[in-house]
Amino acid sequence: MTEFQVEVDQNEYLSDGASTVDAIATVTSTGQASTGVAPRAAEIIVIDRSGSMEYPPTKIKAAKEATRAAIDALRDGTLFAVIAGSSSAQIVYPRVRGLVPANATTRDEAKKAVQGVKPGGGTAIGSWLTLARELFLPHTDAIRHVILLTDGKNESEPAVDLQHALDACAGVFVCDARGIGTNWVVDELRRITTALLGSFDIVADPAHLKDDFRALMTHAMGKAHGDIRLRLWTPRGATVKFVKLVAPEVRDLTGGRIDVSAQIGDYPTGSWGSERRDYHVCVEIAPGAVGEEILAGRIRLVEVAADGTEQILGQGLVRAVWTDDLVLSTRLHPSVAHYTGQAELADAIQEGLEARRAGDTDTATSKLGKAVKLAAETGNEATSKLLKKVVDVLDADTGTVKLKPKVSAEDEMTLDVGSTRTVRTNKKN
Amino acid sequence: MTAVLSCPGCAEPVGSGDGFCEACGRSLKPAPACARCGVGTVDDDGYCTACGARQPGPGDHAEVDLADVAGVTDRGLRHHRNEDAMAVVRTDGGVVAVVCDGVSVSPRPQDASRLACDTAVAVLATGFDPPAGSADRTDAALPADIPLPRAGDSAPLGADAPLAGDGSGADATAEAATREAALRAAAAVAALGTPESAPACTYVSALVRGGTFTVGWIGDSRAYWLPADGAPELLTVDDSWAVEMVAHGLMTAEQANADRRAHAITRWLGADAGPVGARVVTRSPTGPGTLLLCSDGLWNYLPTAEALAARYADLTGPAVDRARALVGHALAAGGHDNITVVLLPVPTPPEEDPS
């Protein structure tokens with residue numbers, strides 16, 4: 001059995017009158033799903049077959065090759081289908097509407113069907129996801145996952161259609177997305193994968209797509225738990241300021257809250273294999289008297305089965321103790337400080353790039369300069385490196401930078417995509 | 001008709017009058033209401049389900065009432081838990097008591113003080129009364145492999161008055177038991193931790209029999225003698241920075257007490273403390289009085305024997321009321337620390353026969 005651990009890091013001491021409680025909850029899952037009995041999985045690969053996939057033709061070729069590699073990585077018995085999307089969505093495989101179990105025969109048939117996909121038409125991602133949802137619906141007992149590939153902007157349907165699709169699909173399946181080339185929109189894929197609790201990345205060079213898809217599918221096959229939620233209890237009258245995933249990347253989960261009761265809310269976290277994720281929880285409570293101790297939050301990890309039964313996998317307590325000892329209350333917990341910096345870094349990059357696109361050089365320089373400083377301070381070397389492709393760093397310590405006059409679309413998009421990736425505090429490896 | 005109910009823990013059917021679930025052992029009594037808001041109930045972790053307030057724990061306020069012998073310990077107003085502990089046990093013809101104060105900056109100080117009290121009081125209670133038939137062996141209740149310090153070895157630092165004991169076998173036994181109790185308590189507390197992470201506490205013990213008592217201490221928890229007639233006396237000498245500075249002639253008492261390190265303790269029980277032995281004082285006062293043990297949560301507000309005796313002289317009623325009143329004095333003065341007071345009359349009046 002997989003074991004889950006919830007550990008809470010915080011400075012529980014508050015000064016007299018203080019009301020904001022911050023805590024970092026580290027959730028670690030270790031071990032394998034019960035050996036021999038692989039969890040039931042359902043996979044749908046959704047590939048873009050819009051007309052632009054032929055410009056250059058290496059894109060559609062790579063997409064097909066990558067899809068075949070992903071099909072090969074399916075574990076025997078996994079229910080699967082392949083969808084091709086343009087202005088509408090079509091099932092490439094199987095021939096009957098539904099999902100079929102993977103075996104040597106179905107894998108071969110599917111790969112042949114993928115070979116026959118012809119590019120043409122526009123991009124309506126909402127309709128693609130809606131079809132995937134329909135195919136998944138009968139399979140409530142399986143861990144449901146989509147790999148989505150697109151090369152362009154979602155321009156063949158109204159924006160509201162995509163939003164409706166996301167609202168309907170949230171909680172039904174997890175979606176990892178890849179943008180191929182540089183004509184797709186970073187914000188769009190970020191919005192899709194934030195709603196559907198998956199990752200997204202840029203694959204600028206079609207040659208890299210095959211390895212990427214294979215890795216994605218292998219990773220998906222390692223998921224042992226489908227619907228895991230962070231359940232937060234707070235005292236009466238408290239306000240949850242935010243719940244954020246902060247490692248391995250920053251993702252605000254606050255808006256995804258499902259109310260269980262007035263004092264309890266669930267924050268879906270998607271599917272889990274063996275991994276570690278850190279969450280930053282911030283709660284506002286009524287201040288207590290010096291010497292008082294209040295439970296400011298109870299964080300539980302809850303697995304919800306298809307039939308609605310729940311199992312508590314772990315728990316951590318967020319406490320608040322009011323003290324008149326300033327030495328205790330003014331100490332910012334290093335993990336809280338670290339992840340607050342990482343979240344600011346992601347914001348600074350996204351705002352800086354947006355200003356740059358809008359031609360606002362001053363704001364772009366100031367925001368990206370701040371990002372350079374934060375990346376250096378928090379030891380985020382990967383992001384520091386990406387930033388250097390967009391700005392010339394004059395002094396990292398003060399965040400003094402100059403915008404590069406010419407930046408490739410790939411470098412800009414790679415920085416944008418990577419802005420939310422964080423480095424962990426090195427407290428616990 | 002018995003309502004059909006199920007256990008909230010394991011869902012087994014239970015009767016409406018059952019106190020416990022027969023399947024899983026869970027208590028079926030309704031959870032107590034929150035002591036702060038009165039709206040929620042107390043959850044398994046000890047917090048209110050509505051307002052989140054941590055509920056008073058068993059040690060936050062505790063009282064011992066053994067007729068004329070009493071002890072009260074309280075969390076105070078500024079600490080979020082009570083790290084003090086006390087233990088009081090009547091013996092044949094007397095009483096034994098221990099007060100310990102957990103060191104706040106150490107991990108789990110409340111565990112250290114509790115364990116030290118329980119360990120020491122057991123030794124004091126049994127070591128004092130050797131089993132019948134071995135009365136001629138003063139160390140009958142103690143392990144043979146631990147060399148016992150003799151009464152004659154004792155030269156308590158700072159205790160200027162010569163030992164008031166008459167050097168009889170009874171005194172030697174009391175002092176040996178006092179030292180042994182402290183040694184065992186120190187060993188038990190040391191075993192709780194490592195030098196890097198050491199739960200720690202201070203220690204003061206009393207052993208009263210007839211008109212004689214023996215006090216042992218490590219750290220800055222204190223014992224006072226408050227005679228019915230005559231001058232009160234602070235029996236212990238704090239193992240503190242200020243006292244050491246003065247003892248070594250490095251500072252005047254005024255200078256030392258004004259330093260922010262004044263109250264830092266120099267000896268304690270813990271894995272990081274090295275070997276520590278109790279300093280011991282025995283007295284056989286000429287008249288009756290009260291032996292008072294306390295943690296610094298009390299004496300910070302009544303530092304001198306005279307101030308404490310003056311406050312105590314105003315108190316009337318049963319011993320437990322007087323102990324409560326002294327704790328109340330510290331609370332009224334700010335309650336900045338945990339507070340523990342134990343009152344031991346000398347000689348110990350017999351416990352009233354309840355029949």
# chains A, B, ... in the order shown; residues from 1 in each chain; ligands from 1
call {"tool": "residues_around", "arguments": {"residues": "range 275-290 of chain B", "least_positions_apart": "5", "cutoff": "8 Å", "atoms": "only C-alpha atoms", "output": "short mmCIF file (atom, residue, chain, number, x, y, z; two decimals) with C-alpha atoms, in the first residue's frame"}}
result
data_model
loop_
_atom_site.label_atom_id
_atom_site.label_comp_id
_atom_site.auth_asym_id
_atom_site.auth_seq_id
_atom_site.Cartn_x
_atom_site.Cartn_y
_atom_site.Cartn_z
CA SER B 154 26.79 16.78 52.76
CA PRO B 156 25.32 22.18 51.00
CA LEU B 157 26.56 25.18 49.09
CA ALA B 159 23.49 26.66 53.40
CA LEU B 163 22.77 20.76 59.57
CA ALA B 164 20.10 20.89 62.15
CA GLY B 165 19.64 17.15 62.07
CA ASP B 171 18.27 11.74 59.16
CA GLU B 175 19.16 12.43 53.11
CA THR B 178 16.62 12.49 48.93
CA ARG B 179 19.86 12.11 46.98
CA ALA B 182 17.17 13.09 42.59
CA LEU B 183 19.74 10.77 40.98
CA ALA B 186 17.95 12.89 36.69
CA GLY B 211 9.20 17.31 63.29
CA THR B 212 12.10 16.85 60.86
CA PHE B 213 12.27 17.51 57.15
CA THR B 214 14.86 17.12 54.39
CA VAL B 215 14.89 19.21 51.20
CA GLY B 216 16.86 18.46 48.01
CA TRP B 217 17.12 20.63 44.88
CA ILE B 218 18.64 21.14 41.46
CA TRP B 225 10.28 27.34 55.86
CA LEU B 226 7.37 29.36 57.24
CA PRO B 227 7.30 28.80 61.02
CA ALA B 228 4.17 29.55 63.03
CA ASP B 229 6.42 31.65 65.28
CA LEU B 235 16.02 26.94 52.47
CA THR B 236 17.34 26.54 48.92
CA ARG B 267 22.14 23.18 36.93
CA TRP B 268 19.18 21.13 35.73
CA LEU B 269 18.04 17.58 34.93
CA LEU B 343 2.16 23.21 51.32
CA LEU B 344 3.47 20.66 53.81
CA PRO B 345 2.68 21.19 57.51
CA VAL B 346 5.43 20.15 59.93
CA PRO B 347 4.81 17.94 61.79
#
call {"tool": "interface_residues", "arguments": {"of": "chain B", "to": "chain A", "cutoff": "9 Å", "atoms": "only C-alpha atoms", "output": "count of residues only"}}
result
15
call {"tool": "select_by_dssp", "arguments": {"residues": "range 194-281 of chain A", "states": "strand (DSSP E or B)", "output": "NGL selection string"}}
result
:A and (200-203 or 225-233 or 239-247 or 249 or 251-252 or 258-261 or 264-272 or 275-281)
call {"tool": "residues_around", "arguments": {"residues": "Leu99 in chain A", "least_positions_apart": "3", "cutoff": "10 Å", "atoms": "only C-alpha atoms", "output": "PyMOL selection string"}}
result
chain A and resi 42-44+78-82+93-96+102+135-136+138-139
call {"tool": "atom_distance", "arguments": {"atom1": "CA of Ala25 in chain A", "atom2": "CA of Asp252 in chain A"}}
result
14.4 Å
call {"tool": "closest_residue", "arguments": {"among": "B:Gly328, B:Pro109, B:Gly127, B:Pro350", "to": "Thr202 in chain B", "atoms": "only C-alpha atoms"}}
result
B:Pro109
